[in-house]
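K.L.:
Handing you this structure, nothing more for now.
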Protein chains: 2
Amino acid sequence: MNAPPDFGVRPGEKAVELPAQPDAGVYFIGRIHTPWKERKDCPKNARGSDAVCTVELDARFRDGLKDVESCSHLVLLYWMDKAPRNLVLQTPSHYGVQRGTFALRSPARPNPIAMSVVKLMGIEDGKLSVVGLDCLDGTPLLDIKPYFASTDSVPDATVGWHRKS
Amino acid sequence: MNAPPDFGVRPGEKAVELPAQPDAGVYFIGRIHTPWKERKDCPKNARGSDAVCTVELDARFRDGLKDVESCSHLVLLYWMDKAPRNLVLQTPSHYGVQRGTFALRSPARPNPIAMSVVKLMGIEDGKLSVVGLDCLDGTPLLDIKPYFASTDSVPDATVGWHRKS
């Protein structure tokens with residue numbers, strides 16, 4: 001009566017067997033609060049909304065925010081645990097074409113760590129107000145990093161498979 | 001005779017107690033090969049070297065590379081497991097000033113996940129040739145993502161505490 005291992009895999013998708021054990025552990029160091037309670041409500045990408053979201057860091061880590069207020073933009077890493085981790089080929093419904101997992105920003109990937117570049121609006125009591133997120137309310141936070149234009153900004157980068165509509 | 005819990009913490013640094021258990025697990029999905037065998041040999045930042053490095057993805061995940069060759073640049077996430085995870089205030093030796101962990105790109109952070117933007121030079125047999133890394137040879141790989149200039153590039157971003165020499 002168990003569902004087969006590939007239950008939920010759509011036509012054009014391919015799942016693989018994951019390693020038996022994880023290799024390392026991550027801590028959830030806070031939570032991200034957004035206006036979006038269900039996946040269907042989330043903006044299609046991170047520049048799709050001007051909503052101000054709140055990143056709440058756990059109390060034990062708050063001293064780590066020293067000097068963060070001097071950054072105009074931040075890199076946030078967070079944990080997208082609602083998606084399968086075993087897909088290597090996917091057919092995102094809004095594209096309808098099969099792509100490799102590592103050519104996509106889909107949450108379905110072996111390590112469901114999302115990366116977003118956000119604009120910092122302010123910090124108060126361990127809570128950061130930011131613009132540029134598209135994730136569900138309550139998403140676990142993994143890391144906050146300063147965004148350095150010198151190493152992180154590549155304005156002329158291209159993704160060949162992606163055609164603008 | 002045990003070392004105190006704050007062993008290794010330098011003046012101006014602050015360590016906190018970490019959670020008793022990790023909240024989630026990550027898989028090492030490959031390895032990064034670079035010319036640098038010791039930390040002292042690594043470039044000071046990712047644009048400090050033009051060395052071509054190799055990202056070797058484990059065989060089980062290689063189908064996930066479909067369409068990645070069409071990307072000019074990629075985001076790589078990798079695991080920096082040589083650094084302490086409990087520092088919230090740090091005094092990096094090359095700056096000599098105390099900063100919060102989340103205002104730094106130091107590998108010492110609660111979740112030692114590094115993010116680098118790299119230029120893709122080619123892919124062959126599950127091995128990606130890339131430029132733009134500064135990590136140790138053998139570093140575990142966590143993720144490969146396409147870099148979208150539309151959401152990831154902010155050329156005018158600033159880090160106020162950082163003064164160019």
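Identifiers in the structure tokens: chain A, B, ... in order shown; residue index from 1 per chain; ligand index from 1 in order shown.
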Could you list, with a cut-off of 6 Å and counting only C-alpha atoms, the residues of chain A near chain B, each shown with its nearest atom pair and the distance in Å rounded to one decimal, rows sorted by chain and ascending number, as CSV?
P.N.:
```
residue,atom,partner,partner_atom,distance
A:Pro22,CA,B:Tyr27,CA,4.9
A:Asp23,CA,B:Tyr27,CA,5.1
A:Ala24,CA,B:Val26,CA,5.5
A:Gly25,CA,B:Gly25,CA,4.4
A:Val26,CA,B:Pro22,CA,5.2
A:Tyr27,CA,B:Pro22,CA,4.9
A:Asp63,CA,B:Val88,CA,5.8
A:Gly64,CA,B:Gly100,CA,4.1
A:Leu65,CA,B:Gly100,CA,5.2
A:Lys66,CA,B:Gly100,CA,4.3
A:Asp67,CA,B:Ala103,CA,5.8
A:Val68,CA,B:Ala103,CA,4.8
A:Ser70,CA,B:Gly160,CA,4.5
A:Cys71,CA,B:Val159,CA,4.4
A:Ser72,CA,B:Thr158,CA,5.4
A:His73,CA,B:Ala157,CA,5.9
A:Val88,CA,B:Gly64,CA,4.3
A:Leu89,CA,B:Gly64,CA,5.7
A:Gly100,CA,B:Gly64,CA,4.1
A:Thr101,CA,B:Gly64,CA,4.7
A:Phe102,CA,B:Lys145,CA,5.3
A:Ala103,CA,B:Val68,CA,4.8
A:Asn111,CA,B:Val26,CA,5.8
A:Val117,CA,B:Asp152,CA,5.9
A:Ile144,CA,B:Phe102,CA,5.3
A:Lys145,CA,B:Phe102,CA,5.3
A:Pro146,CA,B:Ala103,CA,5.4
A:Ala149,CA,B:Pro155,CA,5.3
A:Asp152,CA,B:Val117,CA,5.9
A:Ser153,CA,B:Ser153,CA,4.3
A:Val154,CA,B:Ser153,CA,5.6
A:Pro155,CA,B:Ala149,CA,5.3
A:Ala157,CA,B:Ala149,CA,5.6
A:Thr158,CA,B:Ser72,CA,5.4
A:Val159,CA,B:Cys71,CA,4.4
A:Gly160,CA,B:Ser70,CA,4.5
```
K.L.:
Compile the contact shell of B:Lys127 as a PyMOL selection string: residues with an atom at most 10 Å away, counting only C-alpha atoms, same-chain residues fewer than 5 positions apart removed.
P.N.:
chain B and resi 30-32+53-58+62+65+122
K.L.:
Please produce an output containing N, CA, C and O atoms for each residue in the selection, written as a short mmCIF file (atom, residue, chain, number, x, y, z; two decimals), in the first residue's frame.
P.N.:
```cif
data_model
loop_
_atom_site.label_atom_id
_atom_site.label_comp_id
_atom_site.auth_asym_id
_atom_site.auth_seq_id
_atom_site.Cartn_x
_atom_site.Cartn_y
_atom_site.Cartn_z
N GLY B 30 28.99 16.86 -4.50
CA GLY B 30 30.18 16.83 -5.34
C GLY B 30 31.32 17.48 -4.59
O GLY B 30 31.23 17.74 -3.38
N ARG B 31 32.39 17.73 -5.31
CA ARG B 31 33.58 18.35 -4.70
C ARG B 31 34.11 19.44 -5.63
O ARG B 31 34.00 19.33 -6.85
N ILE B 32 34.72 20.45 -5.02
CA ILE B 32 35.34 21.53 -5.78
C ILE B 32 36.85 21.34 -5.75
O ILE B 32 37.43 21.15 -4.67
N CYS B 53 38.93 26.57 -11.91
CA CYS B 53 38.70 25.51 -10.93
C CYS B 53 37.69 24.52 -11.51
O CYS B 53 36.98 24.82 -12.47
N THR B 54 37.64 23.33 -10.91
CA THR B 54 36.77 22.28 -11.43
C THR B 54 35.74 21.89 -10.38
O THR B 54 36.10 21.63 -9.22
N VAL B 55 34.49 21.86 -10.78
CA VAL B 55 33.41 21.43 -9.91
C VAL B 55 32.96 20.06 -10.39
O VAL B 55 32.47 19.93 -11.52
N GLU B 56 33.16 19.05 -9.56
CA GLU B 56 32.84 17.69 -9.97
C GLU B 56 31.58 17.22 -9.26
O GLU B 56 31.57 17.06 -8.04
N LEU B 57 30.54 17.01 -10.04
CA LEU B 57 29.25 16.60 -9.49
C LEU B 57 29.22 15.07 -9.37
O LEU B 57 29.66 14.38 -10.29
N ASP B 58 28.65 14.55 -8.27
CA ASP B 58 28.51 13.10 -8.12
C ASP B 58 27.66 12.55 -9.26
O ASP B 58 26.71 13.18 -9.73
N ARG B 62 24.14 13.94 -12.15
CA ARG B 62 24.63 14.59 -13.38
C ARG B 62 23.55 14.93 -14.39
O ARG B 62 23.71 15.88 -15.16
N LEU B 65 22.39 18.53 -14.81
CA LEU B 65 23.17 19.57 -15.49
C LEU B 65 22.60 19.96 -16.86
O LEU B 65 23.11 20.90 -17.48
N GLY B 122 33.03 25.83 -19.21
CA GLY B 122 32.66 24.64 -19.98
C GLY B 122 32.24 23.51 -19.06
O GLY B 122 32.45 23.57 -17.84
#
```
K.L.:
Name the residues in contact with B:Thr91 at a cut-off of 9 Å, using only C-alpha atoms, excluding same-chain residues fewer than 4 positions from it; report them as a list in words.
P.N.:
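Neighbouring residues, sequence-local ones excluded: Arg10, Pro11, Gly12, Glu13, Tyr95, Gly96, Val97, Gln98, Arg99 and Gly100 of chain B.
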K.L.:
Keeping only N, CA and C atoms, write the selected residues to a file as a CSV table (one decimal), in the first residue's frame.
P.N.:
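And here is the file that came out, again_0.csv:
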```csv
chain,number,residue,atom,x,y,z
B,10,ARG,N,39.3,34.9,19.9
B,10,ARG,CA,40.3,35.9,20.1
B,10,ARG,C,39.7,37.2,20.8
B,11,PRO,N,40.6,38.1,21.2
B,11,PRO,CA,40.0,39.3,21.8
B,11,PRO,C,39.1,40.0,20.8
B,12,GLY,N,38.0,40.5,21.3
B,12,GLY,CA,37.0,41.2,20.4
B,12,GLY,C,36.1,40.2,19.8
B,13,GLU,N,36.2,38.9,20.0
B,13,GLU,CA,35.3,38.0,19.4
B,13,GLU,C,34.3,37.5,20.5
B,95,TYR,N,41.4,42.8,8.7
B,95,TYR,CA,40.8,44.1,9.0
B,95,TYR,C,41.2,44.6,10.4
B,96,GLY,N,41.2,43.7,11.3
B,96,GLY,CA,41.6,44.1,12.7
B,96,GLY,C,40.5,44.9,13.4
B,97,VAL,N,39.3,44.8,13.0
B,97,VAL,CA,38.2,45.5,13.6
B,97,VAL,C,37.1,44.5,13.9
B,98,GLN,N,36.4,44.7,15.0
B,98,GLN,CA,35.3,43.8,15.4
B,98,GLN,C,34.1,44.0,14.5
B,99,ARG,N,33.5,42.9,13.9
B,99,ARG,CA,32.3,43.1,13.1
B,99,ARG,C,31.4,41.9,13.5
B,100,GLY,N,30.1,42.2,13.2
B,100,GLY,CA,29.1,41.1,13.4
B,100,GLY,C,29.3,40.0,12.3
```
K.L.:
What are the DSSP helix (DSSP H, G or I) residues of stretch 21-164 of chain A, as an NGL selection string?
P.N.:
:A and (39-41 or 59-65 or 68-70 or 101-103 or 149-152)
K.L.:
Using backbone DSSP assignments, extract all strand (DSSP E) residues from chain A; output them as a PyMOL selection string.
P.N.:
chain A and resi 14-15+24-26+30-33+52-57+73-79+87-90+99-100+113-124+127-131+139-146
K.L.:
Would you compute the distance between atom CA of B:Ala59 and atom CA of B:Asp125? Give it in Å to one decimal.
P.N.:
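Computing the Euclidean distance for atom CA of B:Ala59 and atom CA of B:Asp125 yields 9.2 Å.
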K.L.:
When you draw a straight line from atom CA of B:Trp36 to atom CA of B:Asp137, how long is it in Å?
P.N.:
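Value for the atom CA of B:Trp36-atom CA of B:Asp137 distance: 5.5 Å.
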K.L.:
Atom CA of A:Cys135 to atom CA of B:Tyr78: how many Å, to one decimal?
P.N.:
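Distance between the two atoms: 21.9 Å.
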